[in-house]
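Trainee: protein.pdb (PDB, C-alpha atoms) pasted underneath:
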```pdb
ATOM      1  CA  LEU A   1       3.408  -7.807 -25.670  1.00  0.00           C
ATOM      2  CA  SER A   2       0.479  -8.899 -27.744  1.00  0.00           C
ATOM      3  CA  PRO A   3      -3.008  -7.697 -26.781  1.00  0.00           C
ATOM      4  CA  ALA A   4      -3.759 -11.123 -25.289  1.00  0.00           C
ATOM      5  CA  GLU A   5      -0.579 -11.058 -23.230  1.00  0.00           C
ATOM      6  CA  SER A   6      -1.322  -7.508 -22.056  1.00  0.00           C
ATOM      7  CA  THR A   7      -4.817  -8.529 -20.992  1.00  0.00           C
ATOM      8  CA  ALA A   8      -3.468 -11.555 -19.117  1.00  0.00           C
ATOM      9  CA  LEU A   9      -0.892  -9.320 -17.439  1.00  0.00           C
ATOM     10  CA  MET A  10      -3.573  -6.886 -16.319  1.00  0.00           C
ATOM     11  CA  GLY A  11      -5.765  -9.711 -15.045  1.00  0.00           C
ATOM     12  CA  ILE A  12      -3.007 -11.209 -12.946  1.00  0.00           C
ATOM     13  CA  THR A  13      -1.735  -7.905 -11.593  1.00  0.00           C
ATOM     14  CA  THR A  14      -5.205  -6.973 -10.336  1.00  0.00           C
ATOM     15  CA  LEU A  15      -5.485 -10.140  -8.220  1.00  0.00           C
ATOM     16  CA  PRO A  16      -4.065  -8.406  -5.103  1.00  0.00           C
ATOM     17  CA  TRP A  17      -6.986  -5.970  -5.297  1.00  0.00           C
ATOM     18  CA  VAL A  18      -9.511  -8.807  -5.343  1.00  0.00           C
ATOM     19  CA  ILE A  19      -8.414 -10.082  -1.939  1.00  0.00           C
ATOM     20  CA  LYS A  20      -8.236  -6.680  -0.209  1.00  0.00           C
ATOM     21  CA  PRO A  21     -10.480  -7.776   2.707  1.00  0.00           C
ATOM     22  CA  VAL A  22      -7.794 -10.291   3.699  1.00  0.00           C
ATOM     23  CA  TYR A  23      -5.332  -7.439   4.261  1.00  0.00           C
ATOM     24  CA  GLY A  24      -7.820  -5.706   6.539  1.00  0.00           C
ATOM     25  CA  PHE A  25      -8.245  -8.819   8.662  1.00  0.00           C
ATOM     26  CA  LEU A  26      -4.480  -9.313   8.671  1.00  0.00           C
ATOM     27  CA  THR A  27      -3.635  -5.783   9.836  1.00  0.00           C
ATOM     28  CA  ASP A  28      -6.394  -5.792  12.447  1.00  0.00           C
ATOM     29  CA  GLY A  29      -5.669  -9.260  13.818  1.00  0.00           C
ATOM     30  CA  LEU A  30      -1.909  -9.663  13.466  1.00  0.00           C
ATOM     31  CA  PRO A  31       0.032  -6.672  14.781  1.00  0.00           C
ATOM     32  CA  LEU A  32       3.700  -6.533  13.833  1.00  0.00           C
ATOM     33  CA  PHE A  33       6.099  -5.327  16.528  1.00  0.00           C
ATOM     34  CA  GLY A  34       3.112  -4.090  18.534  1.00  0.00           C
ATOM     35  CA  TYR A  35       1.642  -1.948  15.747  1.00  0.00           C
ATOM     36  CA  ARG A  36      -1.302  -2.618  13.447  1.00  0.00           C
ATOM     37  CA  ARG A  37      -0.725  -0.047  10.701  1.00  0.00           C
ATOM     38  CA  LYS A  38       2.808   1.342  10.532  1.00  0.00           C
ATOM     39  CA  PRO A  39       4.710  -1.913   9.800  1.00  0.00           C
ATOM     40  CA  TYR A  40       2.259  -2.885   7.079  1.00  0.00           C
ATOM     41  CA  LEU A  41       2.647   0.497   5.372  1.00  0.00           C
ATOM     42  CA  ILE A  42       6.425   0.190   5.565  1.00  0.00           C
ATOM     43  CA  LEU A  43       6.317  -3.369   4.218  1.00  0.00           C
ATOM     44  CA  ALA A  44       3.988  -2.334   1.393  1.00  0.00           C
ATOM     45  CA  GLY A  45       6.247   0.581   0.444  1.00  0.00           C
ATOM     46  CA  VAL A  46       9.378  -1.561   0.473  1.00  0.00           C
ATOM     47  CA  LEU A  47       7.675  -4.276  -1.603  1.00  0.00           C
ATOM     48  CA  GLY A  48       6.435  -1.721  -4.126  1.00  0.00           C
ATOM     49  CA  SER A  49       9.796  -0.021  -4.417  1.00  0.00           C
ATOM     50  CA  ALA A  50      11.595  -3.358  -4.792  1.00  0.00           C
ATOM     51  CA  ALA A  51       9.170  -4.436  -7.513  1.00  0.00           C
ATOM     52  CA  TRP A  52       9.578  -1.200  -9.509  1.00  0.00           C
ATOM     53  CA  THR A  53      13.353  -1.326  -9.031  1.00  0.00           C
ATOM     54  CA  SER A  54      13.421  -4.883 -10.350  1.00  0.00           C
ATOM     55  CA  LEU A  55      11.407  -3.768 -13.383  1.00  0.00           C
ATOM     56  CA  ALA A  56      14.042  -1.085 -13.946  1.00  0.00           C
ATOM     57  CA  THR A  57      17.025  -3.363 -13.540  1.00  0.00           C
ATOM     58  CA  VAL A  58      16.708  -7.143 -13.669  1.00  0.00           C
ATOM     59  CA  VAL A  59      13.378  -8.020 -15.299  1.00  0.00           C
ATOM     60  CA  THR A  60      13.859  -9.278 -18.849  1.00  0.00           C
ATOM     61  CA  THR A  61      10.989 -11.702 -19.549  1.00  0.00           C
ATOM     62  CA  PRO A  62       7.210 -11.281 -19.595  1.00  0.00           C
ATOM     63  CA  THR A  63       6.880 -13.767 -16.711  1.00  0.00           C
ATOM     64  CA  GLN A  64       9.283 -11.743 -14.584  1.00  0.00           C
ATOM     65  CA  ALA A  65       7.379  -8.589 -15.507  1.00  0.00           C
ATOM     66  CA  VAL A  66       4.082 -10.164 -14.409  1.00  0.00           C
ATOM     67  CA  ILE A  67       5.578 -11.202 -11.072  1.00  0.00           C
ATOM     68  CA  ALA A  68       7.149  -7.786 -10.433  1.00  0.00           C
ATOM     69  CA  SER A  69       3.992  -5.945 -11.510  1.00  0.00           C
ATOM     70  CA  THR A  70       1.842  -8.144  -9.264  1.00  0.00           C
ATOM     71  CA  ILE A  71       4.120  -7.437  -6.302  1.00  0.00           C
ATOM     72  CA  ALA A  72       3.945  -3.700  -7.070  1.00  0.00           C
ATOM     73  CA  SER A  73       0.151  -3.988  -7.222  1.00  0.00           C
ATOM     74  CA  LEU A  74       0.168  -5.854  -3.896  1.00  0.00           C
ATOM     75  CA  GLY A  75       2.108  -2.997  -2.317  1.00  0.00           C
ATOM     76  CA  VAL A  76      -0.424  -0.445  -3.497  1.00  0.00           C
ATOM     77  CA  ALA A  77      -3.411  -2.595  -2.459  1.00  0.00           C
ATOM     78  CA  VAL A  78      -2.043  -3.157   1.059  1.00  0.00           C
ATOM     79  CA  SER A  79      -1.260   0.555   1.381  1.00  0.00           C
ATOM     80  CA  ASP A  80      -4.790   1.377   0.269  1.00  0.00           C
ATOM     81  CA  VAL A  81      -6.338  -0.890   2.899  1.00  0.00           C
ATOM     82  CA  VAL A  82      -4.112   0.451   5.675  1.00  0.00           C
ATOM     83  CA  VAL A  83      -4.798   4.073   4.751  1.00  0.00           C
ATOM     84  CA  ASP A  84      -8.541   3.368   4.610  1.00  0.00           C
ATOM     85  CA  SER A  85      -8.274   1.885   8.122  1.00  0.00           C
ATOM     86  CA  LEU A  86      -6.403   4.958   9.331  1.00  0.00           C
ATOM     87  CA  VAL A  87      -9.069   7.228   7.857  1.00  0.00           C
ATOM     88  CA  VAL A  88     -11.813   5.315   9.666  1.00  0.00           C
ATOM     89  CA  GLU A  89      -9.874   5.395  12.956  1.00  0.00           C
ATOM     90  CA  ARG A  90      -9.233   9.131  12.668  1.00  0.00           C
ATOM     91  CA  ALA A  91     -12.874   9.814  11.839  1.00  0.00           C
ATOM     92  CA  ARG A  92     -13.960   7.912  14.963  1.00  0.00           C
ATOM     93  CA  GLU A  93     -11.499   9.828  17.165  1.00  0.00           C
ATOM     94  CA  ASP A  94     -12.346  13.272  15.777  1.00  0.00           C
ATOM     95  CA  GLU A  95     -16.051  14.102  15.957  1.00  0.00           C
ATOM     96  CA  THR A  96     -15.634  16.985  13.488  1.00  0.00           C
ATOM     97  CA  ALA A  97     -14.025  14.742  10.875  1.00  0.00           C
ATOM     98  CA  SER A  98     -16.237  12.946   8.423  1.00  0.00           C
ATOM     99  CA  SER A  99     -14.967   9.618   7.162  1.00  0.00           C
ATOM    100  CA  GLY A 100     -16.782  10.268   3.886  1.00  0.00           C
ATOM    101  CA  ALA A 101     -14.950  13.566   3.397  1.00  0.00           C
ATOM    102  CA  LEU A 102     -11.609  12.009   4.303  1.00  0.00           C
ATOM    103  CA  GLN A 103     -12.288   9.083   2.005  1.00  0.00           C
ATOM    104  CA  SER A 104     -13.210  11.468  -0.810  1.00  0.00           C
ATOM    105  CA  LEU A 105      -9.971  13.371  -0.269  1.00  0.00           C
ATOM    106  CA  CYS A 106      -7.972  10.121  -0.459  1.00  0.00           C
ATOM    107  CA  TRP A 107      -9.701   9.021  -3.663  1.00  0.00           C
ATOM    108  CA  SER A 108      -9.368  12.489  -5.194  1.00  0.00           C
ATOM    109  CA  CYS A 109      -5.628  12.490  -4.532  1.00  0.00           C
ATOM    110  CA  GLN A 110      -5.330   9.005  -5.986  1.00  0.00           C
ATOM    111  CA  SER A 111      -7.270  10.033  -9.093  1.00  0.00           C
ATOM    112  CA  LEU A 112      -5.181  13.168  -9.514  1.00  0.00           C
ATOM    113  CA  GLY A 113      -2.019  11.077  -9.275  1.00  0.00           C
ATOM    114  CA  GLY A 114      -3.397   8.626 -11.842  1.00  0.00           C
ATOM    115  CA  LEU A 115      -4.251  11.442 -14.248  1.00  0.00           C
ATOM    116  CA  ALA A 116      -0.833  13.046 -13.840  1.00  0.00           C
ATOM    117  CA  SER A 117       0.802   9.672 -14.364  1.00  0.00           C
ATOM    118  CA  ALA A 118      -1.210   8.981 -17.506  1.00  0.00           C
ATOM    119  CA  TYR A 119      -0.486  12.455 -18.882  1.00  0.00           C
ATOM    120  CA  TYR A 120       3.250  12.506 -18.222  1.00  0.00           C
ATOM    121  CA  SER A 121       4.043   8.839 -18.903  1.00  0.00           C
ATOM    122  CA  GLY A 122       3.768   9.293 -22.650  1.00  0.00           C
ATOM    123  CA  SER A 123       6.110  12.262 -22.730  1.00  0.00           C
ATOM    124  CA  LEU A 124       8.519  10.568 -20.337  1.00  0.00           C
ATOM    125  CA  LEU A 125       8.707   7.526 -22.597  1.00  0.00           C
ATOM    126  CA  GLN A 126       9.655   9.793 -25.499  1.00  0.00           C
ATOM    127  CA  THR A 127      12.711  11.037 -23.613  1.00  0.00           C
ATOM    128  CA  MET A 128      13.567   8.019 -21.421  1.00  0.00           C
ATOM    129  CA  SER A 129      13.604   4.266 -21.620  1.00  0.00           C
ATOM    130  CA  PRO A 130      10.873   2.270 -19.839  1.00  0.00           C
ATOM    131  CA  GLN A 131      13.521   1.074 -17.371  1.00  0.00           C
ATOM    132  CA  GLN A 132      14.340   4.661 -16.424  1.00  0.00           C
ATOM    133  CA  VAL A 133      10.650   5.427 -15.894  1.00  0.00           C
ATOM    134  CA  PHE A 134      10.341   2.306 -13.711  1.00  0.00           C
ATOM    135  CA  GLY A 135      13.372   3.471 -11.748  1.00  0.00           C
ATOM    136  CA  TYR A 136      11.789   6.856 -11.050  1.00  0.00           C
ATOM    137  CA  THR A 137       8.525   5.145 -10.160  1.00  0.00           C
ATOM    138  CA  ALA A 138      10.373   3.106  -7.508  1.00  0.00           C
ATOM    139  CA  VAL A 139      10.859   6.318  -5.520  1.00  0.00           C
ATOM    140  CA  PHE A 140       7.134   6.850  -4.860  1.00  0.00           C
ATOM    141  CA  PRO A 141       6.609   3.768  -2.663  1.00  0.00           C
ATOM    142  CA  LEU A 142       9.566   4.965  -0.614  1.00  0.00           C
ATOM    143  CA  LEU A 143       7.565   8.121   0.088  1.00  0.00           C
ATOM    144  CA  VAL A 144       4.939   5.840   1.638  1.00  0.00           C
ATOM    145  CA  VAL A 145       7.677   4.414   3.867  1.00  0.00           C
ATOM    146  CA  LEU A 146       8.772   7.907   4.909  1.00  0.00           C
ATOM    147  CA  MET A 147       5.199   8.907   5.708  1.00  0.00           C
ATOM    148  CA  ALA A 148       4.627   5.665   7.623  1.00  0.00           C
ATOM    149  CA  LEU A 149       7.656   6.413   9.778  1.00  0.00           C
ATOM    150  CA  GLN A 150       5.991   9.716  10.719  1.00  0.00           C
ATOM    151  CA  LEU A 151       2.742   7.991  11.661  1.00  0.00           C
ATOM    152  CA  ASP A 152       1.793   8.474  15.304  1.00  0.00           C
ATOM    153  CA  GLU A 153       0.435   5.078  16.272  1.00  0.00           C
ATOM    154  CA  LYS A 154       0.093   3.786  19.815  1.00  0.00           C
ATOM    155  CA  ARG A 155       1.909   0.558  20.494  1.00  0.00           C
ATOM    156  CA  LEU A 156      -0.366  -2.303  21.520  1.00  0.00           C
ATOM    157  CA  PRO A 157       0.413  -4.166  24.745  1.00  0.00           C
ATOM    158  CA  PRO A 158       1.938  -7.637  24.324  1.00  0.00           C
ATOM    159  CA  PRO A 159      -0.606 -10.412  23.587  1.00  0.00           C
ATOM    160  CA  ASP A 160      -0.384 -11.902  27.086  1.00  0.00           C
ATOM    161  CA  ALA A 161      -1.027  -8.465  28.664  1.00  0.00           C
ATOM    162  CA  ARG A 162      -4.105  -8.024  26.447  1.00  0.00           C
ATOM    163  CA  ALA A 163      -5.417 -11.430  27.525  1.00  0.00           C
ATOM    164  CA  ASN A 164      -4.839 -10.528  31.200  1.00  0.00           C
ATOM    165  CA  ALA A 165      -6.646  -7.205  30.713  1.00  0.00           C
ATOM    166  CA  ARG A 166      -9.632  -9.017  29.175  1.00  0.00           C
ATOM    167  CA  GLU A 167      -9.745 -11.413  32.142  1.00  0.00           C
ATOM    168  CA  LEU A 168      -9.784  -8.502  34.564  1.00  0.00           C
ATOM    169  CA  VAL A 169     -12.682  -6.842  32.713  1.00  0.00           C
ATOM    170  CA  ALA A 170     -14.696 -10.020  32.121  1.00  0.00           C
ATOM    171  CA  PRO A 171     -17.318 -10.873  34.768  1.00  0.00           C
TER
END
```
So, in terms of structure tokens, how does the structure I just supplied come out?

Mentor:
Amino acid sequence: LSPAESTALMGITTLPWVIKPVYGFLTDGLPLFGYRRKPYLILAGVLGSAAWTSLATVVTTPTQAVIASTIASLGVAVSDVVVDSLVVERAREDETASSGALQSLCWSCQSLGGLASAYYSGSLLQTMSPQQVFGYTAVFPLLVVLMALQLDEKRLPPPDARANARELVAP
């Protein structure tokens, strides 16, 4: 790609990060299957893995690459919002936990992963094709799915039961 095309690609693929607050409202206000966090993490992991797999297998044009990269970026952005929400919830539940410390740990791990990725991507591209690297990258969002399946989240009561509970509490 030309520098202009690369810049346009980067601009479009960062759009999911611009609307991150929407994902927070979505996960808080629209539980899936009675859960607010787990299904969204699973969905984000599956989307990310599918996008990286498509980059490894079927993507052949710059337009397709932009679409797949944007979907991969969406998966990471949604995961980021959900994990941030989990950190805040855990910090509220555990008086000894500090949300700032947990948040710092999350960002440190993300930065370490970014540095490792930047360091090894060059050497990987010397021994593998970009499609092979994309294929290996598709595994990482699946790790998010596996971790989400281990998440201990309490199921919310059905919407009508929540409304009835509010009526009982309201004066």

Trainee: Hey, which of A:Thr137, A:Gly34, A:Thr127, A:Ala91 ends up closest to Pro157 (chain A)? Count all atoms listed in the file.

Mentor: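 Of all the options, A:Gly34 lies closest to Pro157 (chain A).
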
Trainee: How far is it from CA of Val59 (chain A) to CA of Ala77 (chain A), in Å with one decimal?

Mentor: 21.8 Å

Trainee: If the PyMOL selection byres ((chain A and resi 17) around 12) is run on the structure shown, which residues does it catch, given as a VMD selection string?

Mentor: chain A and resid 10 to 16 18 to 24 70 to 81

Trainee: Of the candidates A:Val66, A:Leu105, A:Trp52, A:Gln132, which shows the shortest atom-to-atom distance to Ala8 (chain A), using all atoms listed in the file?

Mentor: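 Answer, going by the shortest atom-to-atom distance: A:Val66.
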
Trainee: Could you check how far CA of Leu156 (chain A) sits from CA of Pro39 (chain A), in Å to one decimal?

Mentor: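 Answer for the CA of Leu156 (chain A) to CA of Pro39 (chain A) separation: 12.8 Å.
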
Trainee: Name the closest residue to Ala65 (chain A) among the candidates A:Leu9, A:Ala50, A:Leu143, A:Leu151; distances are taken between atoms, counting only C-alpha atoms.

Mentor: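 For Ala65 (chain A), the nearest of the candidates is A:Leu9.
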
Trainee: Work out how far CA of Thr27 (chain A) is from CA of Thr53 (chain A), in Å to one decimal.

Mentor: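 Computed distance, CA of Thr53 (chain A) to CA of Thr27 (chain A), equals 25.8 Å.
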
Trainee: Take the PyMOL selection byres ((chain A and resi 36-38) around 9), run it mentally on this structure, and tell me the resulting residues as a PDB file with C-alpha atoms, in the coordinates of the input.

Mentor:
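The file below, part06.pdb, is the result:
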```
ATOM      1  CA  LEU A  26      -4.480  -9.313   8.671  1.00  0.00           C
ATOM      2  CA  THR A  27      -3.635  -5.783   9.836  1.00  0.00           C
ATOM      3  CA  ASP A  28      -6.394  -5.792  12.447  1.00  0.00           C
ATOM      4  CA  GLY A  29      -5.669  -9.260  13.818  1.00  0.00           C
ATOM      5  CA  LEU A  30      -1.909  -9.663  13.466  1.00  0.00           C
ATOM      6  CA  PRO A  31       0.032  -6.672  14.781  1.00  0.00           C
ATOM      7  CA  LEU A  32       3.700  -6.533  13.833  1.00  0.00           C
ATOM      8  CA  PHE A  33       6.099  -5.327  16.528  1.00  0.00           C
ATOM      9  CA  GLY A  34       3.112  -4.090  18.534  1.00  0.00           C
ATOM     10  CA  TYR A  35       1.642  -1.948  15.747  1.00  0.00           C
ATOM     11  CA  PRO A  39       4.710  -1.913   9.800  1.00  0.00           C
ATOM     12  CA  TYR A  40       2.259  -2.885   7.079  1.00  0.00           C
ATOM     13  CA  LEU A  41       2.647   0.497   5.372  1.00  0.00           C
ATOM     14  CA  ILE A  42       6.425   0.190   5.565  1.00  0.00           C
ATOM     15  CA  LEU A  43       6.317  -3.369   4.218  1.00  0.00           C
ATOM     16  CA  VAL A  82      -4.112   0.451   5.675  1.00  0.00           C
ATOM     17  CA  VAL A  83      -4.798   4.073   4.751  1.00  0.00           C
ATOM     18  CA  SER A  85      -8.274   1.885   8.122  1.00  0.00           C
ATOM     19  CA  LEU A  86      -6.403   4.958   9.331  1.00  0.00           C
ATOM     20  CA  VAL A 145       7.677   4.414   3.867  1.00  0.00           C
ATOM     21  CA  ALA A 148       4.627   5.665   7.623  1.00  0.00           C
ATOM     22  CA  LEU A 149       7.656   6.413   9.778  1.00  0.00           C
ATOM     23  CA  GLN A 150       5.991   9.716  10.719  1.00  0.00           C
ATOM     24  CA  LEU A 151       2.742   7.991  11.661  1.00  0.00           C
ATOM     25  CA  ASP A 152       1.793   8.474  15.304  1.00  0.00           C
ATOM     26  CA  GLU A 153       0.435   5.078  16.272  1.00  0.00           C
ATOM     27  CA  ARG A 155       1.909   0.558  20.494  1.00  0.00           C
ATOM     28  CA  LEU A 156      -0.366  -2.303  21.520  1.00  0.00           C
TER      29      LEU A 156
END
```

Trainee: Taking the file as shown, find all residues satisfying the PyMOL selection byres ((chain A and resi 142) around 9) and write them as an NGL selection string.

Mentor: :A and (42 or 45-46 or 48-49 or 138-141 or 143-147)

Trainee: Given the choices A:Ala4, A:Leu115, A:Ala44, A:Ala68, which gets closest to Phe134 (chain A) if the distance is worked out from all atoms listed in the file?

Mentor: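 Closest to Phe134 (chain A), using all atoms listed in the file: A:Ala68.
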
Trainee: Taking all atoms listed in the file into account, name the residue in A:Ala56, A:Ala101, A:Ala51, A:Ala116 that is nearest to Met128 (chain A).

Mentor: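 Between A:Ala56, A:Ala101, A:Ala51, A:Ala116, the residue approaching Met128 (chain A) most closely is A:Ala56.
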
Trainee: Tell me which of A:Pro158, A:Tyr136, A:Arg92, A:Thr60 sits closest to Leu124 (chain A), counting all atoms listed in the file.

Mentor: A:Tyr136
